[in-house]
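Below: one structure, written as structure tokens.
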Amino acid sequence: MRVGVIVPMSEGDAPPMPSWEVVRQFGQRAEQLGFDSLWVCDHFLSDPGDRPVEGIHEAWTILSALAAVTRSLDLGQLVMCAAFRSPGLLAKMAVTADMVSGGRIVLGIGAGSYD
């Protein structure tokens, strides 16, 4: 069995909005604890339903930064929204992040939206 964790990305995950320091420490601690993977959300805004809409970090930026500060974790999105980026741009972003990570990117493409 492989076990992963979702990175704190929005105001509701770690109020106030998680800083890069908080996200970095979370990722490095997950690696130290022996988790297999880290996952980020791909949304323009976070809409928790029972709370007001809130800000959220951009998925590829956080994923690439985590790739640079971890060594063994697989890194991916809980689903990359195909409608947010052109296919060429998405492919280029994925290939670059995969290079930074040393081949640890998991790319899941789908609807990935609240609608």
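Following the order of the structure tokens, chains are lettered A, B, ..., residues in each are numbered from 1, and ligands are numbered from 1.
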
Q) Any idea what's packed within 7 Å of range 50-65 of chain A, counting only C-alpha atoms, ignoring anything in its chain fewer than 4 positions away? Could you give it as number ranges by chain? A) A: 9-11, 40-42, 44-46, 69, 75, 97, 100

Q.
Can you pull out every residue from chain A that DSSP, working from the backbone, puts in alpha helix (DSSP H), and format the result as number ranges by chain?
A. A: 20-32, 59-69, 87-101

Q.
Could you list, as a PyMOL selection string, every residue within 8 Å of Arg2 in chain A, counting only C-alpha atoms and ignoring same-chain residues fewer than 2 positions away?
A. chain A and resi 4+35-36

Q.
With DSSP run on the backbone, what are the strand (DSSP E or B) residues within range 28-65 of chain A? I'd like them as a count of residues only.
A. 7

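CA of Asp98 in chain A is found 22.7 Å from CA of Val22 in chain A.
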
Q. Ala30 in chain A: which residues within 10 Å, counting only C-alpha atoms, same-chain residues fewer than 4 positions away excluded, as a list in words?
A. Gly4, Val5, Ile6, Val7, Arg24, Gln25, Phe26, Gly34, Phe35, Asp36, Ser37, Leu38, Thr70 and Leu73 of chain A

I need the chosen residues saved as a tab-separated table (two decimals), in the first residue's frame, with all heavy atoms.
```tsv
chain	number	residue	atom	x	y	z
A	4	GLY	N	-0.35	8.80	0.65
A	4	GLY	CA	0.04	10.18	0.38
A	4	GLY	C	-0.78	11.14	1.21
A	4	GLY	O	-1.75	10.76	1.87
A	5	VAL	N	-0.39	12.41	1.16
A	5	VAL	CA	-1.09	13.47	1.90
A	5	VAL	C	-1.33	14.66	0.98
A	5	VAL	O	-0.58	14.89	0.03
A	5	VAL	CB	-0.33	13.91	3.17
A	5	VAL	CG1	-0.30	12.81	4.20
A	5	VAL	CG2	1.08	14.35	2.84
A	6	ILE	N	-2.36	15.42	1.30
A	6	ILE	CA	-2.69	16.63	0.55
A	6	ILE	C	-2.00	17.82	1.23
A	6	ILE	O	-2.10	18.00	2.45
A	6	ILE	CB	-4.21	16.85	0.49
A	6	ILE	CG1	-4.89	15.68	-0.21
A	6	ILE	CG2	-4.53	18.16	-0.23
A	6	ILE	CD1	-6.40	15.72	-0.14
A	7	VAL	N	-1.35	18.62	0.43
A	7	VAL	CA	-0.63	19.79	0.91
A	7	VAL	C	-1.62	20.88	1.31
A	7	VAL	O	-2.60	21.11	0.61
A	7	VAL	CB	0.29	20.32	-0.23
A	7	VAL	CG1	0.96	21.63	0.14
A	7	VAL	CG2	1.32	19.26	-0.61
A	24	ARG	N	6.45	24.22	2.67
A	24	ARG	CA	7.74	23.53	2.57
A	24	ARG	C	7.96	22.60	3.75
A	24	ARG	O	8.33	21.43	3.58
A	24	ARG	CB	8.88	24.56	2.50
A	24	ARG	CG	10.27	23.91	2.34
A	24	ARG	CD	11.39	24.92	2.46
A	24	ARG	NE	11.42	25.59	3.75
A	24	ARG	CZ	11.89	25.04	4.88
A	24	ARG	NH1	12.34	23.80	4.89
A	24	ARG	NH2	11.88	25.74	6.00
A	25	GLN	N	7.73	23.10	4.96
A	25	GLN	CA	7.90	22.27	6.15
A	25	GLN	C	6.96	21.08	6.13
A	25	GLN	O	7.34	19.96	6.52
A	25	GLN	CB	7.69	23.11	7.41
A	25	GLN	CG	8.81	24.06	7.69
A	25	GLN	CD	8.55	24.94	8.90
A	25	GLN	OE1	7.51	24.85	9.57
A	25	GLN	NE2	9.50	25.81	9.21
A	26	PHE	N	5.73	21.29	5.67
A	26	PHE	CA	4.76	20.20	5.58
A	26	PHE	C	5.29	19.10	4.64
A	26	PHE	O	5.27	17.92	4.98
A	26	PHE	CB	3.42	20.74	5.06
A	26	PHE	CG	2.34	19.70	5.00
A	26	PHE	CD1	1.47	19.51	6.05
A	26	PHE	CD2	2.18	18.90	3.86
A	26	PHE	CE1	0.47	18.55	6.00
A	26	PHE	CE2	1.19	17.93	3.79
A	26	PHE	CZ	0.33	17.77	4.87
A	34	GLY	N	7.88	9.25	6.06
A	34	GLY	CA	7.79	8.07	5.22
A	34	GLY	C	6.58	8.01	4.30
A	34	GLY	O	6.28	6.95	3.75
A	35	PHE	N	5.86	9.12	4.14
A	35	PHE	CA	4.76	9.11	3.17
A	35	PHE	C	5.32	8.89	1.77
A	35	PHE	O	6.50	9.16	1.50
A	35	PHE	CB	3.98	10.43	3.24
A	35	PHE	CG	3.07	10.52	4.43
A	35	PHE	CD1	3.49	11.14	5.59
A	35	PHE	CD2	1.79	9.97	4.38
A	35	PHE	CE1	2.66	11.22	6.70
A	35	PHE	CE2	0.95	10.05	5.48
A	35	PHE	CZ	1.38	10.67	6.64
A	36	ASP	N	4.47	8.41	0.89
A	36	ASP	CA	4.88	8.10	-0.48
A	36	ASP	C	4.66	9.25	-1.45
A	36	ASP	O	5.35	9.33	-2.48
A	36	ASP	CB	4.12	6.88	-1.00
A	36	ASP	CG	4.42	5.65	-0.17
A	36	ASP	OD1	5.59	5.25	-0.12
A	36	ASP	OD2	3.48	5.09	0.43
A	37	SER	N	3.68	10.12	-1.16
A	37	SER	CA	3.35	11.15	-2.15
A	37	SER	C	2.75	12.38	-1.48
A	37	SER	O	2.21	12.32	-0.39
A	37	SER	CB	2.36	10.59	-3.18
A	37	SER	OG	1.21	10.07	-2.56
A	38	LEU	N	2.85	13.50	-2.25
A	38	LEU	CA	2.22	14.77	-1.88
A	38	LEU	C	1.29	15.16	-3.02
A	38	LEU	O	1.64	15.01	-4.19
A	38	LEU	CB	3.25	15.88	-1.71
A	38	LEU	CG	4.12	15.87	-0.48
A	38	LEU	CD1	5.15	17.00	-0.57
A	38	LEU	CD2	3.30	16.02	0.78
A	70	THR	N	12.22	18.37	-1.89
A	70	THR	CA	12.02	16.97	-1.46
A	70	THR	C	12.82	16.08	-2.40
A	70	THR	O	13.21	16.49	-3.49
A	70	THR	CB	10.54	16.58	-1.46
A	70	THR	OG1	10.02	16.69	-2.79
A	70	THR	CG2	9.72	17.44	-0.50
A	73	LEU	N	9.43	11.77	-2.59
A	73	LEU	CA	7.97	11.75	-2.71
A	73	LEU	C	7.52	11.88	-4.16
A	73	LEU	O	8.05	12.70	-4.91
A	73	LEU	CB	7.37	12.92	-1.93
A	73	LEU	CG	7.57	12.91	-0.42
A	73	LEU	CD1	7.31	14.28	0.16
A	73	LEU	CD2	6.69	11.87	0.22
```

Q: Would you mind telling me which residue in A:Ala94, A:Cys81, A:Gln28, A:Leu33 lies nearest to Ala68 in chain A when using only C-alpha atoms?
A: A:Gln28

Q) Which polymer residues have any atom within 8 Å of an atom of Val106 in chain A, counting only C-alpha atoms, with same-chain residues fewer than 5 positions away left out, as a VMD selection string? A) chain A and resid 74 to 77

Selection file, all heavy atoms, as a PDB file, in the first residue's frame:
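The result, written out as out_28.pdb:
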```pdb
ATOM      1  N   ASP A  74       6.523  11.080  -4.550  1.00  0.00           N
ATOM      2  CA  ASP A  74       5.825  11.346  -5.802  1.00  0.00           C
ATOM      3  C   ASP A  74       5.011  12.615  -5.588  1.00  0.00           C
ATOM      4  O   ASP A  74       4.538  12.889  -4.482  1.00  0.00           O
ATOM      5  CB  ASP A  74       4.881  10.190  -6.165  1.00  0.00           C
ATOM      6  CG  ASP A  74       5.629   8.956  -6.643  1.00  0.00           C
ATOM      7  OD1 ASP A  74       6.781   9.088  -7.088  1.00  0.00           O
ATOM      8  OD2 ASP A  74       5.045   7.863  -6.574  1.00  0.00           O
ATOM      9  N   LEU A  75       4.842  13.397  -6.658  1.00  0.00           N
ATOM     10  CA  LEU A  75       4.146  14.685  -6.561  1.00  0.00           C
ATOM     11  C   LEU A  75       3.083  14.762  -7.638  1.00  0.00           C
ATOM     12  O   LEU A  75       3.345  14.463  -8.801  1.00  0.00           O
ATOM     13  CB  LEU A  75       5.154  15.825  -6.759  1.00  0.00           C
ATOM     14  CG  LEU A  75       6.344  15.818  -5.801  1.00  0.00           C
ATOM     15  CD1 LEU A  75       7.463  16.693  -6.337  1.00  0.00           C
ATOM     16  CD2 LEU A  75       5.910  16.276  -4.424  1.00  0.00           C
ATOM     17  N   GLY A  76       1.870  15.156  -7.255  1.00  0.00           N
ATOM     18  CA  GLY A  76       0.810  15.221  -8.258  1.00  0.00           C
ATOM     19  C   GLY A  76      -0.324  16.143  -7.863  1.00  0.00           C
ATOM     20  O   GLY A  76      -0.320  16.753  -6.797  1.00  0.00           O
ATOM     21  N   GLN A  77      -1.293  16.223  -8.761  1.00  0.00           N
ATOM     22  CA  GLN A  77      -2.470  17.065  -8.563  1.00  0.00           C
ATOM     23  C   GLN A  77      -3.699  16.188  -8.371  1.00  0.00           C
ATOM     24  O   GLN A  77      -3.821  15.142  -8.986  1.00  0.00           O
ATOM     25  CB  GLN A  77      -2.729  17.959  -9.794  1.00  0.00           C
ATOM     26  CG  GLN A  77      -1.548  18.705 -10.293  1.00  0.00           C
ATOM     27  CD  GLN A  77      -0.636  17.862 -11.173  1.00  0.00           C
ATOM     28  OE1 GLN A  77      -1.016  16.840 -11.688  1.00  0.00           O
ATOM     29  NE2 GLN A  77       0.583  18.298 -11.334  1.00  0.00           N
TER      30      GLN A  77
END
```

Q: Take CA of Ala82 in chain A and CA of Gly102 in chain A and report the distance between them in Å, one decimal.
A: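 For CA of Ala82 in chain A relative to CA of Gly102 in chain A, the distance reads 23.8 Å.
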
(Q) What does the structure give for the distance between CA of Leu107 in chain A and CA of Met1 in chain A, in Å to one decimal? (A)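 So the two atoms, CA of Leu107 in chain A and CA of Met1 in chain A, lie 19.6 Å apart.
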
Shell around Ala111 in chain A at 12 Å using only C-alpha atoms, local window under 3 positions removed, as a PDB file with all heavy atoms, in the first residue's frame:
```pdb
ATOM      1  N   ASP A  42      -5.908  21.845  -7.877  1.00  0.00           N
ATOM      2  CA  ASP A  42      -5.809  22.774  -9.000  1.00  0.00           C
ATOM      3  C   ASP A  42      -7.123  23.524  -9.141  1.00  0.00           C
ATOM      4  O   ASP A  42      -8.037  23.077  -9.828  1.00  0.00           O
ATOM      5  CB  ASP A  42      -5.489  22.015 -10.288  1.00  0.00           C
ATOM      6  CG  ASP A  42      -5.262  22.941 -11.472  1.00  0.00           C
ATOM      7  OD1 ASP A  42      -4.642  24.001 -11.277  1.00  0.00           O
ATOM      8  OD2 ASP A  42      -5.683  22.606 -12.587  1.00  0.00           O
ATOM      9  N   HIS A  43      -7.212  24.651  -8.448  1.00  0.00           N
ATOM     10  CA  HIS A  43      -8.401  25.495  -8.508  1.00  0.00           C
ATOM     11  C   HIS A  43      -7.965  26.951  -8.549  1.00  0.00           C
ATOM     12  O   HIS A  43      -6.890  27.295  -8.058  1.00  0.00           O
ATOM     13  CB  HIS A  43      -9.301  25.288  -7.281  1.00  0.00           C
ATOM     14  CG  HIS A  43      -9.862  23.920  -7.177  1.00  0.00           C
ATOM     15  ND1 HIS A  43     -10.829  23.436  -8.028  1.00  0.00           N
ATOM     16  CD2 HIS A  43      -9.589  22.902  -6.318  1.00  0.00           C
ATOM     17  CE1 HIS A  43     -11.132  22.196  -7.696  1.00  0.00           C
ATOM     18  NE2 HIS A  43     -10.386  21.850  -6.666  1.00  0.00           N
ATOM     19  N   LEU A  78      -4.593  16.681  -7.566  1.00  0.00           N
ATOM     20  CA  LEU A  78      -5.869  15.980  -7.388  1.00  0.00           C
ATOM     21  C   LEU A  78      -6.870  16.632  -8.308  1.00  0.00           C
ATOM     22  O   LEU A  78      -7.688  17.394  -7.903  1.00  0.00           O
ATOM     23  CB  LEU A  78      -6.342  16.082  -5.931  1.00  0.00           C
ATOM     24  CG  LEU A  78      -5.480  15.354  -4.939  1.00  0.00           C
ATOM     25  CD1 LEU A  78      -5.910  15.664  -3.530  1.00  0.00           C
ATOM     26  CD2 LEU A  78      -5.505  13.870  -5.195  1.00  0.00           C
ATOM     27  N   VAL A  79      -6.935  16.516  -9.273  1.00  0.00           N
ATOM     28  CA  VAL A  79      -6.948  16.380 -10.701  1.00  0.00           C
ATOM     29  C   VAL A  79      -6.659  17.720 -11.370  1.00  0.00           C
ATOM     30  O   VAL A  79      -7.253  18.718 -11.017  1.00  0.00           O
ATOM     31  CB  VAL A  79      -8.266  15.811 -11.196  1.00  0.00           C
ATOM     32  CG1 VAL A  79      -8.307  15.781 -12.685  1.00  0.00           C
ATOM     33  CG2 VAL A  79      -8.552  14.457 -10.623  1.00  0.00           C
ATOM     34  N   MET A  80      -5.755  17.697 -12.319  1.00  0.00           N
ATOM     35  CA  MET A  80      -5.399  18.886 -13.089  1.00  0.00           C
ATOM     36  C   MET A  80      -6.554  19.207 -14.027  1.00  0.00           C
ATOM     37  O   MET A  80      -6.947  18.363 -14.831  1.00  0.00           O
ATOM     38  CB  MET A  80      -4.128  18.581 -13.887  1.00  0.00           C
ATOM     39  CG  MET A  80      -3.554  19.715 -14.656  1.00  0.00           C
ATOM     40  SD  MET A  80      -3.007  21.173 -13.732  1.00  0.00           S
ATOM     41  CE  MET A  80      -2.286  20.561 -12.248  1.00  0.00           C
ATOM     42  N   CYS A  81      -7.103  20.404 -13.895  1.00  0.00           N
ATOM     43  CA  CYS A  81      -8.250  20.797 -14.721  1.00  0.00           C
ATOM     44  C   CYS A  81      -7.797  21.088 -16.145  1.00  0.00           C
ATOM     45  O   CYS A  81      -7.057  22.046 -16.391  1.00  0.00           O
ATOM     46  CB  CYS A  81      -8.943  22.010 -14.121  1.00  0.00           C
ATOM     47  SG  CYS A  81     -10.405  22.498 -15.057  1.00  0.00           S
ATOM     48  N   ALA A  82      -8.227  20.282 -17.086  1.00  0.00           N
ATOM     49  CA  ALA A  82      -7.821  20.419 -18.486  1.00  0.00           C
ATOM     50  C   ALA A  82      -8.242  21.751 -19.089  1.00  0.00           C
ATOM     51  O   ALA A  82      -7.592  22.249 -20.004  1.00  0.00           O
ATOM     52  CB  ALA A  82      -8.397  19.265 -19.300  1.00  0.00           C
ATOM     53  N   ALA A  83      -9.297  22.360 -18.574  1.00  0.00           N
ATOM     54  CA  ALA A  83      -9.806  23.608 -19.146  1.00  0.00           C
ATOM     55  C   ALA A  83      -9.028  24.844 -18.694  1.00  0.00           C
ATOM     56  O   ALA A  83      -9.197  25.915 -19.269  1.00  0.00           O
ATOM     57  CB  ALA A  83     -11.275  23.773 -18.777  1.00  0.00           C
ATOM     58  N   PHE A  84      -8.170  24.731 -17.689  1.00  0.00           N
ATOM     59  CA  PHE A  84      -7.466  25.896 -17.165  1.00  0.00           C
ATOM     60  C   PHE A  84      -6.278  26.328 -18.019  1.00  0.00           C
ATOM     61  O   PHE A  84      -5.854  27.464 -17.952  1.00  0.00           O
ATOM     62  CB  PHE A  84      -6.958  25.642 -15.741  1.00  0.00           C
ATOM     63  CG  PHE A  84      -8.035  25.630 -14.697  1.00  0.00           C
ATOM     64  CD1 PHE A  84      -7.712  25.268 -13.401  1.00  0.00           C
ATOM     65  CD2 PHE A  84      -9.351  25.950 -14.977  1.00  0.00           C
ATOM     66  CE1 PHE A  84      -8.676  25.250 -12.404  1.00  0.00           C
ATOM     67  CE2 PHE A  84     -10.327  25.920 -13.996  1.00  0.00           C
ATOM     68  CZ  PHE A  84      -9.981  25.579 -12.703  1.00  0.00           C
ATOM     69  N   ARG A  85      -5.680  25.398 -18.779  1.00  0.00           N
ATOM     70  CA  ARG A  85      -4.471  25.689 -19.534  1.00  0.00           C
ATOM     71  C   ARG A  85      -4.542  25.030 -20.901  1.00  0.00           C
ATOM     72  O   ARG A  85      -5.140  23.974 -21.046  1.00  0.00           O
ATOM     73  CB  ARG A  85      -3.241  25.161 -18.794  1.00  0.00           C
ATOM     74  CG  ARG A  85      -3.041  25.784 -17.435  1.00  0.00           C
ATOM     75  CD  ARG A  85      -2.105  24.918 -16.588  1.00  0.00           C
ATOM     76  NE  ARG A  85      -2.124  25.356 -15.204  1.00  0.00           N
ATOM     77  CZ  ARG A  85      -2.983  24.911 -14.297  1.00  0.00           C
ATOM     78  NH1 ARG A  85      -3.896  24.021 -14.609  1.00  0.00           N
ATOM     79  NH2 ARG A  85      -2.942  25.357 -13.060  1.00  0.00           N
ATOM     80  N   GLY A 108      -2.432  13.757 -13.427  1.00  0.00           N
ATOM     81  CA  GLY A 108      -3.816  13.316 -13.553  1.00  0.00           C
ATOM     82  C   GLY A 108      -4.634  14.429 -14.187  1.00  0.00           C
ATOM     83  O   GLY A 108      -4.736  15.497 -13.608  1.00  0.00           O
ATOM     84  N   TYR A 114     -15.274  22.547  -9.933  1.00  0.00           N
ATOM     85  CA  TYR A 114     -16.499  22.386  -9.151  1.00  0.00           C
ATOM     86  C   TYR A 114     -17.734  22.240 -10.022  1.00  0.00           C
ATOM     87  O   TYR A 114     -18.733  21.689  -9.619  1.00  0.00           O
ATOM     88  CB  TYR A 114     -16.679  23.579  -8.204  1.00  0.00           C
ATOM     89  CG  TYR A 114     -15.645  23.647  -7.121  1.00  0.00           C
ATOM     90  CD1 TYR A 114     -14.769  24.722  -7.034  1.00  0.00           C
ATOM     91  CD2 TYR A 114     -15.530  22.637  -6.183  1.00  0.00           C
ATOM     92  CE1 TYR A 114     -13.823  24.792  -6.036  1.00  0.00           C
ATOM     93  CE2 TYR A 114     -14.577  22.692  -5.188  1.00  0.00           C
ATOM     94  CZ  TYR A 114     -13.724  23.783  -5.121  1.00  0.00           C
ATOM     95  OH  TYR A 114     -12.795  23.836  -4.138  1.00  0.00           O
ATOM     96  N   ASP A 115     -17.667  22.802 -11.232  1.00  0.00           N
ATOM     97  CA  ASP A 115     -18.852  22.765 -12.102  1.00  0.00           C
ATOM     98  C   ASP A 115     -19.024  21.412 -12.668  1.00  0.00           C
ATOM     99  O   ASP A 115     -18.801  20.848 -13.522  1.00  0.00           O
ATOM    100  CB  ASP A 115     -18.746  23.840 -13.177  1.00  0.00           C
ATOM    101  CG  ASP A 115     -18.809  25.230 -12.574  1.00  0.00           C
ATOM    102  OD1 ASP A 115     -19.423  25.368 -11.507  1.00  0.00           O
ATOM    103  OD2 ASP A 115     -18.204  26.151 -13.151  1.00  0.00           O
TER     104      ASP A 115
END
```

Q) Closest to Gly12 in chain A among A:Gly88, A:Asp47, A:Gln32, A:Leu66, using only C-alpha atoms? A) A:Asp47
